[in-house]
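> The structure follows.
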Amino acid sequence: MISGGGGAGVAAPGGPGQPLEWKFSQVFGERAAGEEVQEVDIISAIEFDKSGEHLATGDRGGRVVLFERTDGKDLRSRRELERADYPIPRHPEYRYSTEFQSHEPEFDYLKSLEIEEKINKIRWCQTANGARFLLSTNDKTIKLWKVSEKKLKNVSNLNVDPSVRHGNGNLVGSSPVQSPKGYAPPRSINGGAVRRTLPPISSDFVFPPGGIPSLHLPTVWSHETALVARCRRVYANAHAYHINSISNNSDCETYISADDLRINLWNLEVSDQSFNIVDIKPVNMEDLTEVITSAEFHPSHCNMLAYSSSKGTIRLIDMRQSALCDRHAKLFEEQEAPGSRSFFTEIIASISDIKFARGGRYILSRDYMTLKLWDVNMEAAPVATFKVHEYLRPKLCDLYENDSIFDKFECCLSGDGQRVATGSYSNLFRVFGAVPGSEEASTLEASKSPNRRLVQTPTKSGNRLFNVRGRRDTRGRGGDSPGSEINGGQYDFTSKLLHLAWHPVANVIACAASNSLYMYYA
């Protein structure tokens with residue numbers, strides 16, 4: 001079982017630090033005022049690689065766009081840094097690298113269903129021989145892509161006179177290549193093929209002493225490189241339901257894919273076979289009470305993985321126990337307060353995303369109303385609860401009517417585990433301090449002025465709950481609402497920030513607002 005040590009956690013020594021001041025860094029694909037956004041351009045997945053040097057996004061049109069870090073890369077030595085006549089940014093900056101079409105729309109003729117090309121998840125794999133590998137998936141098919149640099153070759157110094165051309169654009173003036181029978185290559189005249197006989201070369205022909213100056217060999221040279229994406233594997237026909245998660249194993253050889261009822265284990269090198277390790281499908285579908293919503297491997301223990309359900313539970317399983325992991329090693333579930341159950345209780349309890357902290361000691365989960373941080377050694381209750389959408393509780397009926405209550409927001413942790421973040425409506429995202437005693441709670445807008453809607457909310461009791469040594473400690477905490485003052489009390493449920501990612505080392509957040517990718521640093 002997982003021990004308590006190893007890796008960054010919540011209880012960092014030294015107590016909470018100063019709240020971060022977030023600033024705008026970059027935006028890609030910014031739309032002009034009043035510009036209509038095409039459905040295929042809306043970003044549906046964001047992922048940093050482990051080093052933070054590369055960033056990938058996927059959209060609803062099945063495209064994957066790659067970005068690479070550029071700040072300070074062109075200056076190699078200290079002397080070059082000293083000679084630089086412009087300041088080197090202290091935060092990561094990125095530039096467009098390349099893009100490719102990962103998935104195309106398909107049609108399942110057996111079930112008469114259209115399969116969207118939308119990219120659901122992207123995961124980076126281990127780099128090999130200077131090439132980068134990543135997995136991308138839509139609802140049914142997972143693909144492994146290799147992205148590598150390829151030299152562009154150009155042919156120059158051709159043995160022709162470019163100033164002499166035939167009327168139809170063909171080059172003439174150079175000696176045509178003769179066939180064994182002495183015929184020149186056929187040329188078309190008015191659609192008919194003809195052959196023209198060339199005079200034979202005299203047997204006493206002698207090359208001049210210095211050769212023929214105008215005759216030389218063409219040269220091939222290359223001075224440019226371009227990134228080329230190639231599909232190396234296609235993992236298909238293994239899921240009857242829509243794939244919601246893929247996660248790489250720490251052994252760098254296997255990965256899992258999860259749909260509503262099953263989790264499959266794959267080997268990266270084997271595309272025609274997978275192993276079903278979790279199956280919650282009942283014999284009678286009328287007995288179905290929950291579905292799998294997210295799954296992720298432990299960052300360092302290759303035999304451990306966690307998956308969440310629509311009932312608000314997280315199960316930790318050990319693949320060493322049995323081939324089919326129908327029994328969990330640990331179950332993380334918070335008991336609901338007596339008398340608080342309503343029609344919406346199960347809907348808002350459904351977990352949309354889970355993430356392991358880097359050390360594997362903590363699990364961050366996101367349901368519709370809150371972020372919860374779990375210690376893998378404490379199953380009874382989360383160590384911290386962050387209220388994200390508490391201000392929407394009176395509007396649950398309206399949210400149910402317009403289906404917004406089923407929106408699936410992602411969550412992320414900082415590399416040091418001291419902060420967590422998630423998205424909200426009106427293109428807002430929220431950053432909380434995860435260290436016990438921290439009062440940090442920032443509300444930012446995905447725009448070039450992220451702090452223009454920052455509202456200081458009054459402190460309210462019960463907004464932040466900590467469990468210290470098994471005892472719940474209720475502390476006052478502001479920030480359970482982005483503030484009713486935002487937008488004059490109006491909430492834009494069509495502008496939702498569902499996808500975001502935290503740089504693995506630096507305090508940099510990348511988030512998607514419709515078709516635009518915004519980046520912020522602190």
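If you're wondering about the labels, chains in the structure tokens are A, B, ... by order shown, residues count from 1 in each chain, ligands from 1 in order shown.
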Set the distance at 12 Å and use only C-alpha atoms: which residues neighbour A:Val220 once local chain neighbours fewer than 5 positions away are removed? I'd like the list as a list in words.

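Once the adjacent positions are removed, what remains is Lys151, Leu152, Lys153, Asn154, Val155, Ser156, Asn157 and Leu158 of chain A.
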
> If you count only C-alpha atoms, which residues fall within 10 Å of stretch 510-522 of chain A, apart from same-chain ones fewer than 3 positions away, as a PyMOL selection string?

chain A and resi 19-31+37-48+55+57+59-60+90-94+422-423+426-429+444-448+450+494-503+506-507

> I'd like to know which of A:Ile354, A:Leu265, A:Val283, A:Leu217 is closest to A:Glu296, using only C-alpha atoms.

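Counting only C-alpha atoms, the residue closest to A:Glu296 is A:Ile354.
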
> Could you make a table, as a Markdown table, of the residues of stretch 208-313 of chain A that have an atom within 6 Å of an atom of stretch 335-351 of chain A, each with its nearest atom pair and distance in Å to one decimal, counting only C-alpha atoms, in chain and number order?


```
| residue | atom | partner | partner_atom | distance |
| --- | --- | --- | --- | --- |
| A:Ser310 | CA | A:Ser350 | CA | 4.0 |
| A:Lys311 | CA | A:Ser350 | CA | 5.3 |
| A:Gly312 | CA | A:Ser350 | CA | 4.7 |
```

> I need the chosen residues saved as a PDB file, in the first residue's frame, with all heavy atoms.


```pdb
ATOM      1  N   SER A 310     -19.742   8.556 -10.739  1.00  0.00           N
ATOM      2  CA  SER A 310     -20.808   9.552 -10.733  1.00  0.00           C
ATOM      3  C   SER A 310     -21.489   9.650  -9.380  1.00  0.00           C
ATOM      4  O   SER A 310     -22.322  10.534  -9.175  1.00  0.00           O
ATOM      5  CB  SER A 310     -21.836   9.206 -11.809  1.00  0.00           C
ATOM      6  OG  SER A 310     -22.350   7.898 -11.598  1.00  0.00           O
ATOM      7  N   LYS A 311     -21.161   8.769  -8.447  1.00  0.00           N
ATOM      8  CA  LYS A 311     -21.715   8.846  -7.098  1.00  0.00           C
ATOM      9  C   LYS A 311     -20.843   9.671  -6.159  1.00  0.00           C
ATOM     10  O   LYS A 311     -21.139   9.771  -4.966  1.00  0.00           O
ATOM     11  CB  LYS A 311     -21.897   7.432  -6.527  1.00  0.00           C
ATOM     12  CG  LYS A 311     -23.189   6.760  -6.949  1.00  0.00           C
ATOM     13  CD  LYS A 311     -23.443   5.529  -6.108  1.00  0.00           C
ATOM     14  CE  LYS A 311     -24.844   4.995  -6.339  1.00  0.00           C
ATOM     15  NZ  LYS A 311     -25.131   3.806  -5.492  1.00  0.00           N
ATOM     16  N   GLY A 312     -19.760  10.223  -6.680  1.00  0.00           N
ATOM     17  CA  GLY A 312     -18.891  11.042  -5.846  1.00  0.00           C
ATOM     18  C   GLY A 312     -17.848  10.270  -5.076  1.00  0.00           C
ATOM     19  O   GLY A 312     -17.260  10.793  -4.127  1.00  0.00           O
TER      20      GLY A 312
END
```

> Could you check which of A:Asn264, A:Asn129, A:Thr385, A:Ser250 is closest to A:Glu334, using only C-alpha atoms?

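Smallest distance to A:Glu334 is found for A:Thr385.
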
> Taking into account only C-alpha atoms, which residue in the set A:Cys412, A:Leu316, A:Cys125, A:Met285 is nearest to A:Asn249?

A:Cys125

> Got a sec to tell me which of stretch 247-463 of chain A DSSP assigns to helix (DSSP H, G or I), as a list in words?

Met285, Glu286, Asp287, Thr345, Glu346, Ile347, Ile348, Ala349, Glu390, Tyr391, Leu392, Arg393, Pro394, Lys395, Leu396, Cys397, Asp398, Leu399, Tyr400, Glu401, Ser404, Ile405 and Phe406 of chain A

> Could the residues in this selection be saved with C-alpha atoms as a short mmCIF file (atom, residue, chain, number, x, y, z; two decimals), in the first residue's frame?


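New file part_27.cif:
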```cif
data_model
loop_
_atom_site.label_atom_id
_atom_site.label_comp_id
_atom_site.auth_asym_id
_atom_site.auth_seq_id
_atom_site.Cartn_x
_atom_site.Cartn_y
_atom_site.Cartn_z
CA MET A 285 -28.45 -2.69 -17.13
CA GLU A 286 -31.51 -1.69 -15.13
CA ASP A 287 -29.41 -2.29 -12.02
CA THR A 345 -27.65 15.65 -4.62
CA GLU A 346 -26.36 12.82 -6.79
CA ILE A 347 -26.00 15.03 -9.88
CA ILE A 348 -23.77 17.62 -8.20
CA ALA A 349 -21.83 14.91 -6.35
CA GLU A 390 -21.65 27.54 -3.78
CA TYR A 391 -23.18 30.75 -5.10
CA LEU A 392 -25.00 28.67 -7.75
CA ARG A 393 -26.87 26.49 -5.26
CA PRO A 394 -30.06 28.60 -5.45
CA LYS A 395 -29.96 28.28 -9.25
CA LEU A 396 -29.71 24.49 -9.52
CA CYS A 397 -33.17 24.24 -11.09
CA ASP A 398 -32.21 26.64 -13.87
CA LEU A 399 -28.89 24.86 -14.35
CA TYR A 400 -30.71 21.56 -14.67
CA GLU A 401 -33.11 22.98 -17.24
CA SER A 404 -25.29 23.29 -17.39
CA ILE A 405 -25.42 21.17 -14.23
CA PHE A 406 -23.84 18.35 -16.27
#
```

> Work out how far apart atom CA of A:Phe386 and atom CA of A:Ser294 are and give it in Å to one decimal.

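Atom-to-atom, atom CA of A:Phe386 and atom CA of A:Ser294 are spaced 19.7 Å apart.
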
> Between A:Arg230, A:His389, A:Arg320, A:Arg430, which is the closest to A:Leu144 once you count only C-alpha atoms?

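Answer, going by the shortest atom-to-atom distance: A:Arg230.
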
> Between atom CA of A:Cys411 and atom CA of A:Arg366, what is the distance, to one decimal in Å?

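Between these atoms lies a distance of 6.3 Å.
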
> Within 7 Å of stretch 240-244 of chain A, counting only C-alpha atoms, which residues qualify if same-chain residues fewer than 5 places away don't, as number ranges by chain?

A: 120, 138-140, 257-260, 293-294

> Compile the contact shell of A:Thr313 as a ChimeraX atom specification: residues with an atom at most 7 Å away, counting only C-alpha atoms, same-chain residues fewer than 3 positions apart removed.

/A:308-309,331-333

> With distances taken over only C-alpha atoms, which of A:Phe297, A:Val278, A:Arg419, A:Asp108 is nearest to A:Ala441?

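Closest to A:Ala441, using only C-alpha atoms: A:Arg419.
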